[in-house]
Amino acid sequence: PAAPATPPQAAGPAEGLPVLPEAQPQTGGLFDLPSPPKKDEEGGLFDLAPPPPAAPGQPTGWAQGGVAADAAQQREDALNAREAELQRREAELKKREQMEERERRLLLPGGKRKNWPRCYPLLYHNIQEDIPEANQPMVKAGYWCWCLTCAGYVWNFATVACASATGRYSFWEFLLCAMATGFGVPLSWHMWYQGLYKAAQTNGGVFAYVNFFINFLFHCAWAFLVFISPPIVGSMNGGLLPMAQFFSQGGAGYLFGLMALLNTLDWGAVCALSLYTLRWAFFTFRVAGGVVAVQQHGAMFARGASVFGQPATSANPFAAPQPPPAQP
């Protein structure tokens, strides 16, 4: 039998050549990546610490996150409620300051409050408290007379303004009517109505009633002038005579005539109520002893004139004149 073949053996180094050391892997090259970090035995390098165990009775997991959300919502609701409460208190404080400012504005030096007109108080007016009960009807009649007078001023201006737009009044007539309306309303309040208001508070006060009579006579004359509206002195008004002229023109004159008719009726009512108020005031003045007081004041003026070297013809200037003495 054939002999078993022997395995080939690696060829050894050639005889006579130097033996080179075995090649080793190079580390730390320019393009070599750092080796990944090693892991410890318990876990990874970046593993977080395990959460602490939950206390007995507290929710864990998703239930614990829901409780945190509910707590945050409760805090937000509490902040919103507190903010709403602060806003409510701020609104109440602002409202209280506005009321105090309004009270300071309405308070008069004498301790009274402005109460007229009711929509926007500018003046003090209280017949029930200020006027004696016996004189209240007289003052109420004067008050309604003043209200009709104000309405007459406004409607008279409206009539003249509308007619001026069509050339039936001149510019100067329109301007005079506007001035009469602008000054007439406040002056009528302060001059003759407040004069009657103050005179009714007294028991026949001489100076108060005399002041009222003087101013009220001017008012009566003006009311009669507007009612008639004569061509020269009353041409800036729309009373009786302009009404007839408007109706005679036809066309748009009928509209102006109707406005002038309403104006005439208003000022006619003012004239009638003014005469009624004047008669009532004079009756009250005479009953309260005002006429006698005027005579006494006249005697005092006569004595004062005699002191300054001017002899008085009579101790009472309101008495009837005495006949001259008979010549011998």
# chains A, B, ... in the order shown; residues from 1 in each chain; ligands from 1

call {"tool": "residues_around", "arguments": {"residues": "Phe285 in chain A", "least_positions_apart": "3", "cutoff": "8 Å", "atoms": "only C-alpha atoms", "output": "list of chain:residue names"}}
result
A:Gly204, A:Gly205, A:Tyr209, A:Ala281, A:Phe282, A:Ala288, A:Gly289, A:Gly290, A:Val291

call {"tool": "write_last_selection", "arguments": {"atoms": "N, CA, C and O atoms", "output": "compact mmCIF listing (two decimals), in the first residue's frame"}}
result
# COMPACT_ATOMS: atom_id res chain seq x y z
N GLY A 204 -94.13 140.18 51.56
CA GLY A 204 -94.36 141.50 50.98
C GLY A 204 -93.12 142.37 50.99
O GLY A 204 -93.22 143.58 51.24
N GLY A 205 -91.95 141.77 50.73
CA GLY A 205 -90.72 142.57 50.69
C GLY A 205 -90.78 143.62 49.59
O GLY A 205 -91.09 143.33 48.42
N TYR A 209 -90.22 142.79 45.46
CA TYR A 209 -91.38 142.91 44.56
C TYR A 209 -91.19 144.04 43.55
O TYR A 209 -91.60 143.90 42.38
N ALA A 281 -99.39 138.73 41.50
CA ALA A 281 -98.26 139.21 42.30
C ALA A 281 -98.59 140.56 42.95
O ALA A 281 -98.24 140.80 44.12
N PHE A 282 -99.25 141.44 42.24
CA PHE A 282 -99.59 142.73 42.83
C PHE A 282 -100.62 142.56 43.95
O PHE A 282 -100.57 143.26 44.97
N ALA A 288 -100.04 141.73 51.58
CA ALA A 288 -98.97 141.60 52.56
C ALA A 288 -98.50 142.93 53.12
O ALA A 288 -97.58 142.95 53.94
N GLY A 289 -99.12 144.02 52.71
CA GLY A 289 -98.74 145.33 53.22
C GLY A 289 -97.64 146.00 52.44
O GLY A 289 -97.00 146.92 52.96
N GLY A 290 -97.43 145.57 51.21
CA GLY A 290 -96.36 146.16 50.43
C GLY A 290 -96.64 147.58 50.01
O GLY A 290 -95.73 148.42 49.98
N VAL A 291 -97.91 147.90 49.71
CA VAL A 291 -98.23 149.27 49.29
C VAL A 291 -98.00 150.23 50.44
O VAL A 291 -97.44 151.34 50.28

call {"tool": "select_by_dssp", "arguments": {"residues": "range 55-209 of chain A", "states": "strand (DSSP E or B)", "output": "PyMOL selection string"}}
result
chain A and resi 107+113+116+123

call {"tool": "residues_around", "arguments": {"residues": "Gln201 in chain A", "least_positions_apart": "6", "cutoff": "9 Å", "atoms": "only C-alpha atoms", "output": "ChimeraX atom specification"}}
result
/A:130-132,135

call {"tool": "residues_around", "arguments": {"residues": "range 239-251 of chain A", "least_positions_apart": "4", "cutoff": "6 Å", "atoms": "only C-alpha atoms", "output": "number ranges by chain"}}
result
A: 226-229, 257, 260, 264

call {"tool": "write_last_selection", "arguments": {"atoms": "N, CA, C and O atoms", "output": "compact mmCIF listing (two decimals), in the first residue's frame"}}
result
# COMPACT_ATOMS: atom_id res chain seq x y z
N VAL A 226 -93.60 140.77 20.21
CA VAL A 226 -93.44 139.58 19.38
C VAL A 226 -94.79 139.09 18.89
O VAL A 226 -94.92 138.60 17.75
N PHE A 227 -95.82 139.23 19.69
CA PHE A 227 -97.15 138.79 19.28
C PHE A 227 -97.66 139.57 18.07
O PHE A 227 -98.19 139.00 17.12
N ILE A 228 -97.45 140.87 18.06
CA ILE A 228 -97.90 141.70 16.94
C ILE A 228 -96.89 141.68 15.80
O ILE A 228 -97.25 141.57 14.63
N SER A 229 -95.60 141.83 16.13
CA SER A 229 -94.52 141.90 15.13
C SER A 229 -94.76 143.01 14.12
O SER A 229 -94.97 142.76 12.92
N GLY A 257 -96.52 130.54 7.02
CA GLY A 257 -97.69 131.10 7.69
C GLY A 257 -98.19 130.21 8.82
O GLY A 257 -98.60 130.69 9.88
N ALA A 260 -95.78 130.66 11.65
CA ALA A 260 -96.03 131.95 12.30
C ALA A 260 -97.33 131.92 13.11
O ALA A 260 -97.44 132.59 14.15
N THR A 264 -97.59 132.82 16.94
CA THR A 264 -98.51 133.85 17.44
C THR A 264 -99.36 133.31 18.59
O THR A 264 -99.59 134.01 19.59

call {"tool": "atom_distance", "arguments": {"atom1": "CA of Lys114 in chain A", "atom2": "CA of Trp189 in chain A"}}
result
15.3 Å

call {"tool": "residues_around", "arguments": {"residues": "range 117-122 of chain A", "least_positions_apart": "4", "cutoff": "10 Å", "atoms": "only C-alpha atoms", "output": "VMD selection string"}}
result
chain A and resid 105 to 106 113

call {"tool": "write_last_selection", "arguments": {"atoms": "all heavy atoms", "output": "PDB file, in the first residue's frame"}}
result
ATOM      1  N   ARG A 105     -70.093 118.598  42.295  1.00  0.00           N
ATOM      2  CA  ARG A 105     -70.515 119.532  41.254  1.00  0.00           C
ATOM      3  C   ARG A 105     -71.924 120.052  41.499  1.00  0.00           C
ATOM      4  O   ARG A 105     -72.233 121.201  41.183  1.00  0.00           O
ATOM      5  CB  ARG A 105     -70.440 118.832  39.888  1.00  0.00           C
ATOM      6  CG  ARG A 105     -70.794 119.717  38.722  1.00  0.00           C
ATOM      7  CD  ARG A 105     -70.637 118.957  37.417  1.00  0.00           C
ATOM      8  NE  ARG A 105     -71.492 117.790  37.373  1.00  0.00           N
ATOM      9  CZ  ARG A 105     -72.764 117.822  36.985  1.00  0.00           C
ATOM     10  NH1 ARG A 105     -73.333 118.971  36.642  1.00  0.00           N
ATOM     11  NH2 ARG A 105     -73.469 116.722  36.952  1.00  0.00           N
ATOM     12  N   LEU A 106     -72.789 119.204  42.059  1.00  0.00           N
ATOM     13  CA  LEU A 106     -74.166 119.615  42.284  1.00  0.00           C
ATOM     14  C   LEU A 106     -74.345 120.398  43.573  1.00  0.00           C
ATOM     15  O   LEU A 106     -75.363 121.062  43.746  1.00  0.00           O
ATOM     16  CB  LEU A 106     -75.077 118.375  42.334  1.00  0.00           C
ATOM     17  CG  LEU A 106     -75.183 117.557  41.042  1.00  0.00           C
ATOM     18  CD1 LEU A 106     -76.094 116.362  41.262  1.00  0.00           C
ATOM     19  CD2 LEU A 106     -75.705 118.408  39.894  1.00  0.00           C
ATOM     20  N   ARG A 113     -78.538 121.490  46.701  1.00  0.00           N
ATOM     21  CA  ARG A 113     -78.063 120.754  45.545  1.00  0.00           C
ATOM     22  C   ARG A 113     -78.812 121.207  44.294  1.00  0.00           C
ATOM     23  O   ARG A 113     -79.995 121.502  44.335  1.00  0.00           O
ATOM     24  CB  ARG A 113     -78.254 119.251  45.725  1.00  0.00           C
ATOM     25  CG  ARG A 113     -77.442 118.656  46.850  1.00  0.00           C
ATOM     26  CD  ARG A 113     -77.721 117.188  47.041  1.00  0.00           C
ATOM     27  NE  ARG A 113     -77.236 116.392  45.927  1.00  0.00           N
ATOM     28  CZ  ARG A 113     -77.994 115.889  44.976  1.00  0.00           C
ATOM     29  NH1 ARG A 113     -79.316 116.093  44.991  1.00  0.00           N
ATOM     30  NH2 ARG A 113     -77.479 115.175  43.994  1.00  0.00           N
TER      31      ARG A 113
END

call {"tool": "select_by_dssp", "arguments": {"residues": "range 165-198 of chain A", "states": "helix (DSSP H, G or I)", "output": "tab-separated table (two decimals) with N, CA, C and O atoms, in the first residue's frame"}}
result
chain	number	residue	atom	x	y	z
A	171	PHE	N	-80.53	139.45	6.53
A	171	PHE	CA	-79.53	138.86	7.42
A	171	PHE	C	-79.54	139.54	8.78
A	171	PHE	O	-79.37	138.87	9.81
A	172	TRP	N	-79.71	140.84	8.81
A	172	TRP	CA	-79.70	141.57	10.08
A	172	TRP	C	-80.93	141.23	10.92
A	172	TRP	O	-80.84	141.14	12.15
A	173	GLU	N	-82.05	141.01	10.28
A	173	GLU	CA	-83.23	140.59	11.03
A	173	GLU	C	-83.03	139.19	11.62
A	173	GLU	O	-83.42	138.93	12.77
A	174	PHE	N	-82.43	138.31	10.85
A	174	PHE	CA	-82.13	136.98	11.38
A	174	PHE	C	-81.14	137.06	12.53
A	174	PHE	O	-81.28	136.36	13.55
A	175	LEU	N	-80.13	137.92	12.41
A	175	LEU	CA	-79.14	138.06	13.47
A	175	LEU	C	-79.76	138.62	14.75
A	175	LEU	O	-79.46	138.16	15.86
A	176	LEU	N	-80.63	139.62	14.62
A	176	LEU	CA	-81.30	140.17	15.79
A	176	LEU	C	-82.21	139.15	16.46
A	176	LEU	O	-82.29	139.08	17.69
A	177	CYS	N	-82.87	138.33	15.65
A	177	CYS	CA	-83.72	137.28	16.23
A	177	CYS	C	-82.88	136.25	16.97
A	177	CYS	O	-83.27	135.78	18.06
A	178	ALA	N	-81.73	135.89	16.41
A	178	ALA	CA	-80.85	134.93	17.09
A	178	ALA	C	-80.32	135.51	18.39
A	178	ALA	O	-80.24	134.80	19.42
A	179	MET	N	-79.95	136.79	18.40
A	179	MET	CA	-79.47	137.42	19.63
A	179	MET	C	-80.58	137.50	20.68
A	179	MET	O	-80.34	137.28	21.88
A	180	ALA	N	-81.79	137.82	20.23
A	180	ALA	CA	-82.91	137.88	21.18
A	180	ALA	C	-83.19	136.51	21.80
A	180	ALA	O	-83.49	136.41	22.99
A	181	THR	N	-83.06	135.45	21.01
A	181	THR	CA	-83.28	134.11	21.54
A	181	THR	C	-82.15	133.70	22.49
A	181	THR	O	-82.40	133.14	23.57
A	182	GLY	N	-80.90	133.99	22.11
A	182	GLY	CA	-79.77	133.60	22.94
A	182	GLY	C	-79.72	134.31	24.27
A	182	GLY	O	-79.35	133.71	25.29
A	183	PHE	N	-80.08	135.58	24.29
A	183	PHE	CA	-80.06	136.34	25.54
A	183	PHE	C	-81.39	136.28	26.28
A	183	PHE	O	-81.42	136.46	27.50
A	184	GLY	N	-82.48	136.08	25.56
A	184	GLY	CA	-83.78	136.15	26.20
A	184	GLY	C	-84.06	135.01	27.16
A	184	GLY	O	-84.63	135.22	28.24
A	185	VAL	N	-83.64	133.80	26.81
A	185	VAL	CA	-83.94	132.64	27.67
A	185	VAL	C	-83.23	132.75	29.02
A	185	VAL	O	-83.88	132.66	30.07
A	186	PRO	N	-81.91	132.95	29.07
A	186	PRO	CA	-81.28	133.04	30.40
A	186	PRO	C	-81.66	134.31	31.16
A	186	PRO	O	-81.80	134.29	32.39
A	187	LEU	N	-81.84	135.43	30.46
A	187	LEU	CA	-82.20	136.67	31.16
A	187	LEU	C	-83.60	136.58	31.75
A	187	LEU	O	-83.85	137.11	32.84
A	188	SER	N	-84.52	135.94	31.05
A	188	SER	CA	-85.86	135.80	31.60
A	188	SER	C	-85.86	134.96	32.87
A	188	SER	O	-86.64	135.21	33.79
A	189	TRP	N	-84.97	133.99	32.93
A	189	TRP	CA	-84.88	133.17	34.16
A	189	TRP	C	-84.31	133.98	35.32
A	189	TRP	O	-84.83	133.97	36.43
A	190	HIS	N	-83.22	134.65	35.08
A	190	HIS	CA	-82.51	135.33	36.17
A	190	HIS	C	-83.16	136.66	36.55
A	190	HIS	O	-83.04	137.08	37.71
A	191	MET	N	-83.81	137.33	35.62
A	191	MET	CA	-84.31	138.66	35.91
A	191	MET	C	-85.70	138.61	36.54
A	191	MET	O	-85.87	138.94	37.72
A	192	TRP	N	-86.70	138.18	35.77
A	192	TRP	CA	-88.05	138.31	36.32
A	192	TRP	C	-88.55	137.03	37.01
A	192	TRP	O	-89.27	137.12	38.01
A	193	TYR	N	-88.16	135.83	36.53
A	193	TYR	CA	-88.67	134.64	37.24
A	193	TYR	C	-87.98	134.46	38.60
A	193	TYR	O	-88.65	134.18	39.60
A	194	GLN	N	-86.67	134.61	38.65
A	194	GLN	CA	-86.00	134.54	39.94
A	194	GLN	C	-86.40	135.70	40.84
A	194	GLN	O	-86.42	135.57	42.07
A	195	GLY	N	-86.75	136.85	40.24
A	195	GLY	CA	-87.28	137.95	41.04
A	195	GLY	C	-88.61	137.59	41.70
A	195	GLY	O	-88.83	137.87	42.88
A	196	LEU	N	-89.49	136.93	40.93
A	196	LEU	CA	-90.75	136.46	41.52
A	196	LEU	C	-90.50	135.37	42.55
A	196	LEU	O	-91.15	135.33	43.60
A	197	TYR	N	-89.54	134.48	42.28
A	197	TYR	CA	-89.23	133.38	43.19
A	197	TYR	C	-88.73	133.91	44.54
A	197	TYR	O	-89.14	133.42	45.61
A	198	LYS	N	-87.87	134.91	44.50
A	198	LYS	CA	-87.36	135.48	45.75
A	198	LYS	C	-88.38	136.36	46.44
A	198	LYS	O	-88.44	136.41	47.67

call {"tool": "closest_residue", "arguments": {"among": "A:Ala68, A:Cys145, A:Ala200, A:Val154", "to": "Phe283 in chain A", "atoms": "only C-alpha atoms"}}
result
A:Ala200

call {"tool": "closest_residue", "arguments": {"among": "A:Ala72, A:Ala269, A:Leu275, A:Glu85", "to": "Ala221 in chain A", "atoms": "only C-alpha atoms"}}
result
A:Leu275

call {"tool": "closest_residue", "arguments": {"among": "A:Leu107, A:Ala208, A:Cys147, A:Val160", "to": "Val294 in chain A", "atoms": "only C-alpha atoms"}}
result
A:Ala208

call {"tool": "residues_around", "arguments": {"residues": "Ala141 in chain A", "least_positions_apart": "4", "cutoff": "9 Å", "atoms": "only C-alpha atoms", "output": "mmCIF file with N, CA, C and O atoms, in the first residue's frame"}}
result
data_model
loop_
_atom_site.group_PDB
_atom_site.id
_atom_site.type_symbol
_atom_site.label_atom_id
_atom_site.label_comp_id
_atom_site.auth_asym_id
_atom_site.auth_seq_id
_atom_site.Cartn_x
_atom_site.Cartn_y
_atom_site.Cartn_z
ATOM 1 N N GLN A 136 -97.344 129.537 46.645
ATOM 2 C CA GLN A 136 -96.932 128.538 45.667
ATOM 3 C C GLN A 136 -97.735 128.593 44.368
ATOM 4 O O GLN A 136 -97.140 128.468 43.285
ATOM 5 N N PRO A 137 -99.057 128.753 44.384
ATOM 6 C CA PRO A 137 -99.776 128.852 43.092
ATOM 7 C C PRO A 137 -99.301 130.019 42.233
ATOM 8 O O PRO A 137 -99.227 129.895 41.003
ATOM 9 N N CYS A 145 -95.424 130.318 32.888
ATOM 10 C CA CYS A 145 -95.261 131.461 31.988
ATOM 11 C C CYS A 145 -93.845 131.503 31.427
ATOM 12 O O CYS A 145 -93.649 131.777 30.233
ATOM 13 N N TRP A 146 -92.865 131.219 32.271
ATOM 14 C CA TRP A 146 -91.484 131.193 31.784
ATOM 15 C C TRP A 146 -91.272 130.054 30.794
ATOM 16 O O TRP A 146 -90.555 130.214 29.793
ATOM 17 N N LEU A 273 -100.966 134.860 30.201
ATOM 18 C CA LEU A 273 -100.479 134.317 31.466
ATOM 19 C C LEU A 273 -99.594 135.320 32.197
ATOM 20 O O LEU A 273 -99.563 135.336 33.439
ATOM 21 N N SER A 274 -98.894 136.170 31.467
ATOM 22 C CA SER A 274 -98.074 137.199 32.114
ATOM 23 C C SER A 274 -98.944 138.214 32.837
ATOM 24 O O SER A 274 -98.636 138.617 33.971
ATOM 25 N N TYR A 276 -101.925 137.663 33.986
ATOM 26 C CA TYR A 276 -102.504 136.957 35.126
ATOM 27 C C TYR A 276 -101.507 136.878 36.282
ATOM 28 O O TYR A 276 -101.846 137.120 37.454
ATOM 29 N N THR A 277 -100.241 136.548 35.970
ATOM 30 C CA THR A 277 -99.212 136.464 37.007
ATOM 31 C C THR A 277 -98.934 137.835 37.611
ATOM 32 O O THR A 277 -98.738 137.959 38.829
#

call {"tool": "atom_distance", "arguments": {"atom1": "CA of Thr202 in chain A", "atom2": "CA of Trp222 in chain A"}}
result
27.5 Å

call {"tool": "atom_distance", "arguments": {"atom1": "CA of Asn215 in chain A", "atom2": "CA of Leu148 in chain A"}}
result
17.2 Å

call {"tool": "closest_residue", "arguments": {"among": "A:Glu129, A:Arg96, A:Tyr153, A:Ser164", "to": "Lys112 in chain A", "atoms": "only C-alpha atoms"}}
result
A:Glu129

call {"tool": "closest_residue", "arguments": {"among": "A:Arg168, A:Tyr124, A:Trp155, A:Gly142", "to": "Phe212 in chain A", "atoms": "only C-alpha atoms"}}
result
A:Gly142

call {"tool": "closest_residue", "arguments": {"among": "A:Ala151, A:Leu93, A:Phe224, A:Phe213", "to": "Leu278 in chain A", "atoms": "only C-alpha atoms"}}
result
A:Phe213
